[in-house]
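These notes are about the structure you will find just below.
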Amino acid sequence: MVTVVLLGAPNAEGAEYAWLMDRVRVGGCEPVALDGASAADVLVKLHEQGRLHGVLAVGGPTGGSPAFAALRALPIGVPKLLVTARDHNTHGGVTDLTTMHSVVDIDGIDQVSERILDNAAAAITGMARSYHAGRHNPTRHHRPLVATTVPATRPQLEHWGYAVVVVPDSRPLPSLVDSGFLAGVISTDATAAYTVPHVVCDDAAYAPEAADDLHHIITGGS
């Protein structure tokens, strides 16, 4: 069963969420409504239990803020869609959250909100079904993955047999590490602490040495 969590605070009538639940079912998914201050913890637990394949959050001018924080708690790769009139960029953080501007306050179903919410429901159910299929039929990646903010380290890392992703700065690294993707990190940030091996390289001229150092830390010196 493909499950989509509807995250937010329905109004007194619950018209928007009742309507969205119906559209999620039409999209071939089972909707689950969730609200409350502990939403982030619940989302993470549901995901760990394999009972969450996508999240759709709807917020008004100020309602996007707590929803954005809750969605950020989920690992990279989990479908997350936020419909809001608020600019989520003001909340900081780097994750693969998809946002859709609501254009109008979501206060009932009218000609505008119906079109926007219908698009949102279609988007999240499509992503959730794809994510569910991927979880049950995962693509096999045999090479350990390293993230680096120093592109010059890539050739040597690939020489050692790593798959490499280059990120523009250090901001995405915590999310990538927490999501379990990475075997190691190379960055210019000497103050950062990660739960995977980390080598600092603040000069591209030392890129090969930094890559070698990370390889030997990961492999225990072999």
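Letters A, B, ... go to the chains of the structure tokens in the order shown; residues in each chain start at 1; ligands are counted from 1 in the same order.
The list of residues with at least one atom within 6 Å of A:Leu81, based on only C-alpha atoms and without residues fewer than 5 positions apart in the same chain, reads Leu56, Thr98 and Thr99 of chain A.
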Limited to N, CA, C and O atoms, could you put the picked residues into a file as an mmCIF file, in the first residue's frame?
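Output (result_29.cif):
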```cif
data_model
loop_
_atom_site.group_PDB
_atom_site.id
_atom_site.type_symbol
_atom_site.label_atom_id
_atom_site.label_comp_id
_atom_site.auth_asym_id
_atom_site.auth_seq_id
_atom_site.Cartn_x
_atom_site.Cartn_y
_atom_site.Cartn_z
ATOM 1 N N LEU A 56 2.332 15.561 1.848
ATOM 2 C CA LEU A 56 1.799 16.797 1.277
ATOM 3 C C LEU A 56 1.374 17.701 2.425
ATOM 4 O O LEU A 56 0.546 17.323 3.253
ATOM 5 N N THR A 98 9.983 19.998 -2.411
ATOM 6 C CA THR A 98 9.319 20.660 -3.538
ATOM 7 C C THR A 98 8.271 21.618 -2.996
ATOM 8 O O THR A 98 7.478 21.241 -2.127
ATOM 9 N N THR A 99 8.258 22.851 -3.488
ATOM 10 C CA THR A 99 7.259 23.822 -3.048
ATOM 11 C C THR A 99 6.389 24.255 -4.213
ATOM 12 O O THR A 99 6.840 24.332 -5.358
#
```
request  = For A:Thr219, work out the shell of residues within 12 Å, counting only C-alpha atoms and skipping chain neighbours fewer than 4 positions away, then give it as a ChimeraX atom specification.
outcome  = /A:144,160-162,183-184,197,212-215
ask   = Restricting the calculation to only C-alpha atoms, which member of A:Met21, A:Leu182, A:Leu46, A:Val2 is positioned closest to A:Arg135?
value =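 Closest residue, counting only C-alpha atoms: A:Val2.
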key: Residue set, stretch 3-219 of chain A restricted to helix (DSSP H, G or I), as a ChimeraX atom specification   = /A:15-26,39-48,64-72,88-91,111-136,151-159,173-178,204-218
request  = Based on DSSP run over this structure's backbone, return all residues of stretch 2-222 of chain A in strand (DSSP E or B), as a ChimeraX atom specification.
outcome  = /A:3-7,30-34,54-59,80-84,98-101,145-148,163-166,184-187,198-200
query = Can you tell me, as JSON, numbers by chain, what residues are no more than 12 Å from A:Pro151 when counting only C-alpha atoms, ignoring any on the same chain fewer than 5 positions away?
reply = {"A": [146, 156, 157, 158, 164, 165, 166, 167, 168, 169, 186, 187, 188, 201, 202, 203, 204, 205, 206, 207, 208, 210, 211]}
Let me see the file: selected residues, C-alpha atoms, as an mmCIF file, in the first residue's frame.
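Produced file again22.cif, reproduced below:
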```cif
data_model
loop_
_atom_site.group_PDB
_atom_site.id
_atom_site.type_symbol
_atom_site.label_atom_id
_atom_site.label_comp_id
_atom_site.auth_asym_id
_atom_site.auth_seq_id
_atom_site.Cartn_x
_atom_site.Cartn_y
_atom_site.Cartn_z
ATOM 1 C CA VAL A 146 31.630 10.408 -1.378
ATOM 2 C CA GLN A 156 41.547 10.643 -7.400
ATOM 3 C CA LEU A 157 38.404 9.540 -5.564
ATOM 4 C CA GLU A 158 37.183 7.837 -8.731
ATOM 5 C CA VAL A 164 31.416 11.043 -6.323
ATOM 6 C CA VAL A 165 28.916 13.872 -6.003
ATOM 7 C CA VAL A 166 30.152 17.458 -6.060
ATOM 8 C CA VAL A 167 28.127 19.901 -3.952
ATOM 9 C CA PRO A 168 28.489 23.673 -4.300
ATOM 10 C CA ASP A 169 29.072 24.327 -0.595
ATOM 11 C CA ILE A 186 35.698 16.203 1.687
ATOM 12 C CA SER A 187 35.032 19.881 2.347
ATOM 13 C CA THR A 188 36.721 23.183 3.041
ATOM 14 C CA CYS A 201 40.873 20.361 1.881
ATOM 15 C CA ASP A 202 41.137 24.143 1.706
ATOM 16 C CA ASP A 203 43.449 24.273 -1.308
ATOM 17 C CA ALA A 204 42.726 22.505 -4.610
ATOM 18 C CA ALA A 205 46.454 21.954 -5.041
ATOM 19 C CA TYR A 206 46.243 19.316 -2.297
ATOM 20 C CA ALA A 207 43.190 17.590 -3.746
ATOM 21 C CA PRO A 208 44.893 14.250 -4.589
ATOM 22 C CA ALA A 210 42.978 14.793 0.488
ATOM 23 C CA ALA A 211 41.322 12.080 -1.591
#
```
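Comparing the minimum interatomic distances between A:Ala73 and each of A:Val200, A:Ile217, A:Asp41, A:Asp189, counting only C-alpha atoms, we find that A:Asp41 sits nearest.
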Contacts of stretch 33-54 of chain A with stretch 172-179 of chain A up to 12 Å, shortest pair per row, only C-alpha atoms, as JSON lines:
```
{"residue": "A:Val44", "atom": "CA", "partner": "A:Ser179", "partner_atom": "CA", "distance": 11.4}
{"residue": "A:His47", "atom": "CA", "partner": "A:Ser179", "partner_atom": "CA", "distance": 11.9}
{"residue": "A:Glu48", "atom": "CA", "partner": "A:Ser179", "partner_atom": "CA", "distance": 11.6}
```
